[in-house]
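S.K.: This is the structure I have questions about; it appears just below.
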Amino acid sequence: MIFLKYESVIGLETHVQLDTKTKMFSTSSNNYQSAEPNTLVDPVTLALPGTLPLVNKRAVEDAITIGLALNCSIREITKFDRKQYTYPDLMKGYQISQFDQPICFDGYLDLPNKKTSRIRINRVHMEEDVAKLIHVEGPRGNPLHTLIDVNRSGVPLMEIVTEPDMRSTEEVELYISSLQKIIRYLGVGTANMEDGSFRCDANISVRIKGVKRLTTKVEIKNMNRIKAVTRAVEYEIKRQIREIESGGKIIQETRGWNDNKGITVPQRSKEEANDYRYFPEPDIPPLKIQKTLIKKIKSNLPELPIEKKRRFINELNLSEYDSDLLTSSKNISIFFDEVIKHSNNKNKQYIKKVSKEAANWINGEIFRYIKDTGITDISVIPVSAKNLSILITKIIDNEINKNSAKKIFEIMWQKKQSPKEIIEKLDLVIVSDSKQLLNIVEEVIKNNPNAVEDYKNGKDNALKFLMGQLMKLTKGQADPKQSIELIRSKLDE
């Protein structure tokens, strides 16, 4: 196939909206998602004459936080620039962004794949978001008019730009999902693609395998889901290869992704940096980033997903599958850690047992209950981490069996009761007293002479039958291992 002789070269530009209280350069509320259109506006947002921007300190700190999490260097002196272009979504006719002195630079993100691919981060820079355009179609599908909602204008926006280090859609998907997790773990933004707070553009080119020089790239926009990004990238790679093979030439341009048709479509020729006529923002002086601030932010960074995953695998002996699920969201990983902490045991082997049991319960029963009840966040489930830890330790300590544990958990979920309370009320403690069990074993053997005879004749099912009878008498509360040994021992006498 012609596709096999080419390799793709992919870089991503990701825009991340910050979850600050106010906008990037004004005091308007940043909570635009739930607001009525054109209600979160102010003189700065509307670019009225005589207004001056005021830098959002929290947004600067969040930018540094993101940069440190992505292993970037932080610039001691950074400045803002004016980026000139005349689109209707810009009230001022220019965007305040950063050009030649971005706040973060030269970082990397390691992908959690088998070969641990390292994607270099070229820069993280601060800017403001633009207004939202709503295109209204006529009865025949032709454009009728466009509505403008200024609420989004001025929302703090971080642009994270990678080097062209990705070679496949698998790496693209891993990078986006990894970056989403990091943003959510840091608590600086929601990183939801569906509502536009996390937007991704892809720069794609293709070249003959073995060739090192970069070829003409095409930028793809308008992708609002991870799968849409991977589909768009896959389509564009094939389109460019076909174009080259047919004798055509790749034009540097911006193309949009049509999700319904599954194709990219031309939008405009790609602007170069000089077309934007960048120059230093005259209304904002350069910012000096204190080393003490960087040190403080670094010391407060949370444990990030890839670090948590390594800890779960290396220290708690969990599988990669379990670790992936447990680190899929910050709140799930916090809940899991709290379960371990509440076990109050310092024995490493015991902690590993608790960890495996906790992983099974969270990835199994809890996820199933969450799905059935429509709960979207583990932090609001009716079963606390402490109570789940108590339930798990009782299983490990052989005080209750797995069947009883499931009954107890169901009541814990429905009535928010503690496992101790439920166990006492329903008398679900395992019968493990040897003398008590031996009396029941003798009764079972006495009442089932045919099964005893079958056992003596070498029929293995007879032992299972007798065990079943014992479980009936104890209402399933007998210690299975101890019970089977006592039955076998008594029969062998």
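For the structure tokens, the naming scheme is as follows: chains receive sequential letters (A, B, ...) according to their order of presentation, residues are indexed from 1 within each chain, and ligands are indexed from 1 in presentation order.
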Env of Trp257 in chain A: 12 Å cut, atoms = only C-alpha atoms, seq-sep filter 5 positions within chain, self excluded. Answer as a list in words.

M.R.: Cys200, Asp201, Ala202, Glu219, Ile220, Lys221, Asn222, Met223, Asn224, Arg225, Lys227, Ala228, Val229, Thr230, Arg231, Ala232, Val233, Glu234, Tyr235, Glu236, Gly262, Ile263, Thr264, Val265, Pro266 and Gln267 of chain A

S.K.: Residues within 12 Å of Ser299 in chain A, please, as a PyMOL selection string. Count only C-alpha atoms; anything in the same chain fewer than 4 positions from it doesn't count.

M.R.: chain A and resi 65+68-69+292-295+303

S.K.: Can you tell me how far CA of Gly248 in chain A sits from CA of Tyr276 in chain A, in Å to one decimal?

M.R.: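 Between CA of Gly248 in chain A and CA of Tyr276 in chain A the gap works out to 28.7 Å.
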
S.K.: Please provide as a list of chain:residue names all residues within 10 Å of Lys330 in chain A, with the sequence filter that same-chain residues fewer than 5 positions apart are discarded (counting only C-alpha atoms).

M.R.: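 Skipping anything fewer than 5 positions along the chain leaves A:Lys181, A:Ile182, A:Arg184, A:Tyr185, A:Leu186, A:Gly187, A:Pro302, A:Glu303, A:Leu304, A:Pro305, A:Lys308, A:Phe335, A:Ile378, A:Ser379.
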
S.K.: Mind the document's chain letters and residue numbers, and return as JSON, numbers by chain the residues of range 168-299 of chain A that DSSP labels helix (DSSP H, G or I).

M.R.: {"A": [169, 170, 171, 172, 173, 174, 175, 176, 177, 178, 179, 180, 181, 182, 183, 184, 185, 186, 226, 227, 228, 229, 230, 231, 232, 233, 234, 235, 236, 237, 238, 239, 240, 241, 242, 243, 244, 245, 273, 274, 275, 276, 291, 292, 293, 294, 295, 296, 297, 298, 299]}

S.K.: Using only C-alpha atoms, what does the table of range 330-420 of chain A residues within 8 Å of range 474-490 of chain A look like, with each row giving the shortest atom pair and its distance in Å to one decimal, sorted by chain and ascending number, as JSON lines?

M.R.:
```
{"residue": "A:Asn398", "atom": "CA", "partner": "A:Asp479", "partner_atom": "CA", "distance": 7.7}
{"residue": "A:Ile400", "atom": "CA", "partner": "A:Gln477", "partner_atom": "CA", "distance": 7.3}
{"residue": "A:Asn401", "atom": "CA", "partner": "A:Gln477", "partner_atom": "CA", "distance": 7.1}
{"residue": "A:Ser404", "atom": "CA", "partner": "A:Gln477", "partner_atom": "CA", "distance": 7.9}
```

S.K.: I'd like the interatomic distance between CA of Lys386 in chain A and CA of His342 in chain A, to a tenth of an Å.

M.R.: 5.6 Å

S.K.: Nearest residue to Lys212 in chain A out of A:Trp413, A:Ala462, A:Tyr6, A:Glu453, using only C-alpha atoms?

M.R.: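 The shortest atom-to-atom distance to Lys212 in chain A comes from A:Tyr6.
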
S.K.: With only C-alpha atoms as the counted atoms, please give the residues lying no more than 10 Å from Asp195 in chain A, apart from itself and same-chain residues fewer than 3 positions off, as a ChimeraX atom specification.

M.R.: /A:33,190-192,198-199,224-225

S.K.: For the selection you just gave me, I'd like the residues written to a file as a JSON list (two decimals), in the first residue's frame, keeping C-alpha atoms.

M.R.:
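Written file, part.json:
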```
[["chain", "number", "residue", "atom", "x", "y", "z"],
["A", 33, "GLN", "CA", -21.21, 28.65, 30.56],
["A", 190, "THR", "CA", -12.58, 21.46, 33.65],
["A", 191, "ALA", "CA", -10.86, 20.42, 30.38],
["A", 192, "ASN", "CA", -14.21, 19.45, 28.84],
["A", 198, "PHE", "CA", -10.58, 22.38, 26.10],
["A", 199, "ARG", "CA", -10.02, 22.85, 22.35],
["A", 224, "ASN", "CA", -14.93, 18.96, 19.89],
["A", 225, "ARG", "CA", -14.25, 15.37, 20.97]]
```

S.K.: Find the distance between CA of Val172 in chain A and CA of Glu7 in chain A and write it in Å to one decimal.

M.R.: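 That distance, rounded to one decimal, is 14.2 Å.
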
S.K.: So which one's closest to Ile289 in chain A, A:Gln349, A:Thr78, A:Thr254, A:Thr20? Using only C-alpha atoms, please.

M.R.: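 Closest to Ile289 in chain A of all the choices is A:Thr78.
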
S.K.: For range 60-64 of chain A, list every protein, DNA or RNA residue within 9 Å, evaluated using only C-alpha atoms, and leave out those in the same chain fewer than 4 positions away; present the list as a CSV table (one decimal) with C-alpha atoms, in the first residue's frame.

M.R.:
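Once everything was written out, this is around.csv:
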```csv
chain,number,residue,atom,x,y,z
A,18,LEU,CA,-8.9,28.5,33.2
A,20,THR,CA,-10.7,31.5,37.6
A,55,VAL,CA,-3.8,41.2,34.4
A,56,ASN,CA,-5.5,38.3,36.4
A,68,LEU,CA,5.6,23.1,36.0
A,69,ALA,CA,3.3,20.0,35.6
A,72,CYS,CA,8.6,23.4,31.5
A,74,ILE,CA,9.4,29.3,33.6
A,103,ILE,CA,5.6,32.4,30.3
A,104,CYS,CA,6.5,28.6,30.0
A,124,VAL,CA,2.6,27.4,27.2
A,125,HIS,CA,1.4,31.0,26.7
A,126,MET,CA,-1.4,33.1,28.1
A,158,MET,CA,-3.7,28.9,28.0
A,186,LEU,CA,-4.3,20.5,38.9
A,188,VAL,CA,-7.1,24.8,37.1
A,293,LEU,CA,6.5,32.2,43.6
A,294,ILE,CA,7.7,29.5,41.3
A,297,ILE,CA,3.7,26.7,43.3
A,298,LYS,CA,6.0,23.8,42.7
```

S.K.: Assign secondary structure with DSSP using the backbone only, and return the residues of range 56-104 of chain A in strand (DSSP E or B) as a PyMOL selection string.

M.R.: chain A and resi 73-74+77-78+81-84+94-97+104
